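Notes for the one structure printed next.
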Amino acid sequence: MHKVAEVEVQHDIMVANKKLARKNQRILDKDRVFSVDVVGAIGSGKTSLIEAIIDAVDYKIGVIAGDVISKYDASRFENHNVPVVGLNTGKECHLDAHLVEHALHDLPLGDIDVLFIENVGNLICPVDFDLGSHMRMVVISVTEGDDTVEKHPLIFQDADLVVINKVDLADAVGADDDKMVSDVAEINPEVQVIKTSLKTGTGFNDVIEAINGFINDN
Amino acid sequence: MHELSMAQAIVDTVLDAAEKNNATEVVEVTIEVGMLTMLNPEQLKFLLDVIVEDTLLENAEIIIEDVPVEIDCRGCEFTGLANTDGSDHYLAIVVCPECGERNVEILTGKECNVKTIKIEKSDEDA
């Protein structure tokens, strides 16, 4: 004889990730490390932007380079003589708080002022996974098409800073960068949107200033 | 595509609860999935059906309940169900139904919650 019983489980997988994310933030706060989760489209210039920031600022930077195969980006950062941990996600399309926690243990946090966590190039899956960073910067570029923002609204809803990169190529690829800016404003009226070109330097100082603003407010 | 890792986390959660309650079989699993998650319920269900093979929940009925989006509007006093423009696959934009404000705090709609399981247990344990 068997009996059927109903069991209340009430275990939220998302909450489990959020709890780990909060733990990550406590680890970072203990060593006074400000962290930036950099998410964005594939090939939008996330790695190049972080490289340019490393070269431009005085504070001590560390990087977690997340990718399906992370060694390529990780070796680029290593060339800038900053501490780097590469995180291979393998089949996964995003970083999660658990993976980041592992990477934090492998970084000299006492020697880092600002930690950039470069997420896997993806505008969909990272939405669901808080990493415990202090701010999230979304990087897209005009070459992905000027409908990128309206097609992926949720990633912009949670963004603290949005960078629209490669604006020097807007005419060449027939993209309206102003439309991309106004699409972001419609989804997230509060967020600062900066048009940049790492080739010409357009907007780059504004990105540094915006990040500095978040660091000072923290 | 993170449905596979989520499905695995769900199965682990269910197995843990089943074992703690001395289940001999899991007959039903109810999961709540928020409409603002990037999880596609159809894909999630398909993957769950695949990975439960040879586990206690091999024959369980999987029920996925959508959780609607509730918001607290920062523009007016409204708290409650939001208007979501979900016409374009699952990508909803949240808008306050009272004042049209998009600056809102999201109260529900982002969960992936293993809510309840129905288990069979032998009479001695019941």
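Note on naming: chains are A, B, ... as they come in the structure tokens, residues start from 1 per chain, ligands start from 1 in the order shown.
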
Chain A contacts to chain B at 12 Å (only C-alpha atoms) as a ChimeraX atom specification: /A:1-18,89-96,122-130,149-158,183-191

Against range 32-44 of chain A, which residues of range 123-192 of chain A fall within 9 Å? For each one I want the closest pair of atoms and the distance in Å (one decimal), counting only C-alpha atoms, rows by chain and increasing residue number, as a tab-separated table.
```
residue	atom	partner	partner_atom	distance
A:Leu123	CA	A:Gly40	CA	5.7
A:Pro126	CA	A:Val39	CA	7.4
A:Leu131	CA	A:Asp37	CA	7.5
A:Gly132	CA	A:Ser35	CA	8.3
A:Ser133	CA	A:Ser35	CA	4.9
A:His134	CA	A:Ser35	CA	5.3
A:Met135	CA	A:Val36	CA	5.1
A:Arg136	CA	A:Asp37	CA	4.6
A:Met137	CA	A:Val38	CA	4.9
A:Val138	CA	A:Val39	CA	4.9
A:Val139	CA	A:Gly40	CA	4.5
A:Ile140	CA	A:Ser44	CA	5.0
A:Ser141	CA	A:Ser44	CA	5.0
A:Val142	CA	A:Ser44	CA	8.3
A:Thr143	CA	A:Ser44	CA	7.9
A:Glu144	CA	A:Ser44	CA	7.8
A:Ile155	CA	A:Val39	CA	8.7
A:Ile164	CA	A:Ser44	CA	8.5
A:Asn165	CA	A:Ser44	CA	6.8
A:Lys166	CA	A:Ser44	CA	7.9
```

Give the strand (DSSP E) residues of chain B, as assigned by DSSP on the backbone, as a PyMOL selection string. chain B and resi 25-34+61-67+70-73+79-81+83-84+94-95+104-108+112-122

Write out as number ranges by chain the residues lying within 10 Å of Ile208 in chain A, counting only C-alpha atoms and excluding same-chain residues fewer than 2 positions away. A: 52-53, 56-57, 203-206, 210-213

I need the residues from that last selection saved to file as a JSON list (two decimals), in the first residue's frame (with N, CA and C atoms), if you can.
```
[["chain", "number", "residue", "atom", "x", "y", "z"],
["A", 52, "ALA", "N", 40.54, 49.46, -22.94],
["A", 52, "ALA", "CA", 40.78, 50.91, -23.03],
["A", 52, "ALA", "C", 40.67, 51.56, -21.65],
["A", 53, "ILE", "N", 39.71, 51.08, -20.85],
["A", 53, "ILE", "CA", 39.54, 51.64, -19.50],
["A", 53, "ILE", "C", 40.78, 51.32, -18.65],
["A", 56, "ALA", "N", 43.40, 53.70, -19.33],
["A", 56, "ALA", "CA", 43.11, 55.12, -19.13],
["A", 56, "ALA", "C", 43.01, 55.56, -17.68],
["A", 57, "VAL", "N", 42.76, 54.64, -16.76],
["A", 57, "VAL", "CA", 42.48, 55.07, -15.39],
["A", 57, "VAL", "C", 43.64, 54.75, -14.45],
["A", 203, "GLY", "N", 33.02, 59.75, -26.96],
["A", 203, "GLY", "CA", 32.24, 59.28, -25.81],
["A", 203, "GLY", "C", 33.02, 58.49, -24.77],
["A", 204, "PHE", "N", 34.27, 58.16, -25.05],
["A", 204, "PHE", "CA", 35.00, 57.27, -24.14],
["A", 204, "PHE", "C", 35.16, 57.89, -22.75],
["A", 205, "ASN", "N", 35.53, 59.20, -22.73],
["A", 205, "ASN", "CA", 35.70, 59.86, -21.42],
["A", 205, "ASN", "C", 34.39, 59.92, -20.63],
["A", 206, "ASP", "N", 33.28, 59.98, -21.36],
["A", 206, "ASP", "CA", 31.97, 59.99, -20.67],
["A", 206, "ASP", "C", 31.72, 58.66, -19.96],
["A", 210, "ALA", "N", 31.12, 58.29, -16.07],
["A", 210, "ALA", "CA", 29.90, 57.65, -15.57],
["A", 210, "ALA", "C", 30.25, 56.56, -14.56],
["A", 211, "ILE", "N", 31.25, 55.75, -14.89],
["A", 211, "ILE", "CA", 31.65, 54.69, -13.95],
["A", 211, "ILE", "C", 32.20, 55.31, -12.67],
["A", 212, "ASN", "N", 33.00, 56.37, -12.80],
["A", 212, "ASN", "CA", 33.51, 57.08, -11.61],
["A", 212, "ASN", "C", 32.36, 57.57, -10.73],
["A", 213, "GLY", "N", 31.30, 58.05, -11.37],
["A", 213, "GLY", "CA", 30.14, 58.52, -10.63],
["A", 213, "GLY", "C", 29.54, 57.41, -9.77]]
```

Between B:Glu19, B:Glu105, B:Glu58, B:Asp12, which is the closest to Glu70 in chain B once you count only C-alpha atoms?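 Comparing B:Glu19, B:Glu105, B:Glu58, B:Asp12 against Glu70 in chain B, the winner is B:Glu105.
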
With distances taken over only C-alpha atoms, the candidate from A:His102, A:Thr202, A:Val207, A:Ala175 nearest Ile27 in chain A is A:His102

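Here CA of Leu57 in chain B stands at a distance of 8.2 Å from CA of Val11 in chain B.
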
Name the closest residue to Asp176 in chain A among the candidates A:Lys46, A:Lys195, A:Lys30, A:His80; distances are taken between atoms, counting only C-alpha atoms.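 Of the candidates, the smallest distance to Asp176 in chain A is held by A:Lys195.
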
Rounded to one decimal, what separation in Å do you get between CA of Asp31 in chain A and CA of Leu109 in chain A? 6.2 Å

Mind checking DSSP for chain B and telling me the alpha helix (DSSP H) residues as a ChimeraX atom specification? /B:3-20,41-51

Keeping only C-alpha atoms, write those residues as a PDB file, in the first residue's frame.
```
ATOM      1  CA  GLU B   3      16.777  25.917 -19.644  1.00  0.00           C
ATOM      2  CA  LEU B   4      18.982  22.824 -19.297  1.00  0.00           C
ATOM      3  CA  SER B   5      20.840  24.083 -16.223  1.00  0.00           C
ATOM      4  CA  MET B   6      17.584  25.342 -14.721  1.00  0.00           C
ATOM      5  CA  ALA B   7      15.935  21.969 -15.408  1.00  0.00           C
ATOM      6  CA  GLN B   8      18.827  20.228 -13.675  1.00  0.00           C
ATOM      7  CA  ALA B   9      18.524  22.557 -10.659  1.00  0.00           C
ATOM      8  CA  ILE B  10      14.783  21.838 -10.511  1.00  0.00           C
ATOM      9  CA  VAL B  11      15.344  18.071 -10.619  1.00  0.00           C
ATOM     10  CA  ASP B  12      18.009  18.313  -7.889  1.00  0.00           C
ATOM     11  CA  THR B  13      15.623  20.347  -5.725  1.00  0.00           C
ATOM     12  CA  VAL B  14      12.778  17.876  -6.226  1.00  0.00           C
ATOM     13  CA  LEU B  15      14.981  14.847  -5.514  1.00  0.00           C
ATOM     14  CA  ASP B  16      16.290  16.479  -2.356  1.00  0.00           C
ATOM     15  CA  ALA B  17      12.753  17.176  -1.080  1.00  0.00           C
ATOM     16  CA  ALA B  18      11.567  13.707  -2.117  1.00  0.00           C
ATOM     17  CA  GLU B  19      14.399  11.959  -0.282  1.00  0.00           C
ATOM     18  CA  LYS B  20      13.899  14.050   2.860  1.00  0.00           C
ATOM     19  CA  PRO B  41       8.171  26.961 -20.366  1.00  0.00           C
ATOM     20  CA  GLU B  42       7.831  24.663 -23.392  1.00  0.00           C
ATOM     21  CA  GLN B  43      11.595  24.152 -23.627  1.00  0.00           C
ATOM     22  CA  LEU B  44      11.852  23.740 -19.866  1.00  0.00           C
ATOM     23  CA  LYS B  45       9.189  21.046 -19.878  1.00  0.00           C
ATOM     24  CA  PHE B  46      10.802  19.212 -22.781  1.00  0.00           C
ATOM     25  CA  LEU B  47      14.185  19.158 -21.038  1.00  0.00           C
ATOM     26  CA  LEU B  48      12.669  18.068 -17.730  1.00  0.00           C
ATOM     27  CA  ASP B  49      11.016  15.147 -19.508  1.00  0.00           C
ATOM     28  CA  VAL B  50      14.414  14.144 -20.883  1.00  0.00           C
ATOM     29  CA  ILE B  51      16.525  14.418 -17.737  1.00  0.00           C
TER      30      ILE B  51
END
```

Between CA of Ile215 in chain A and CA of Ile71 in chain B, distance in Å (one decimal): 28.7 Å
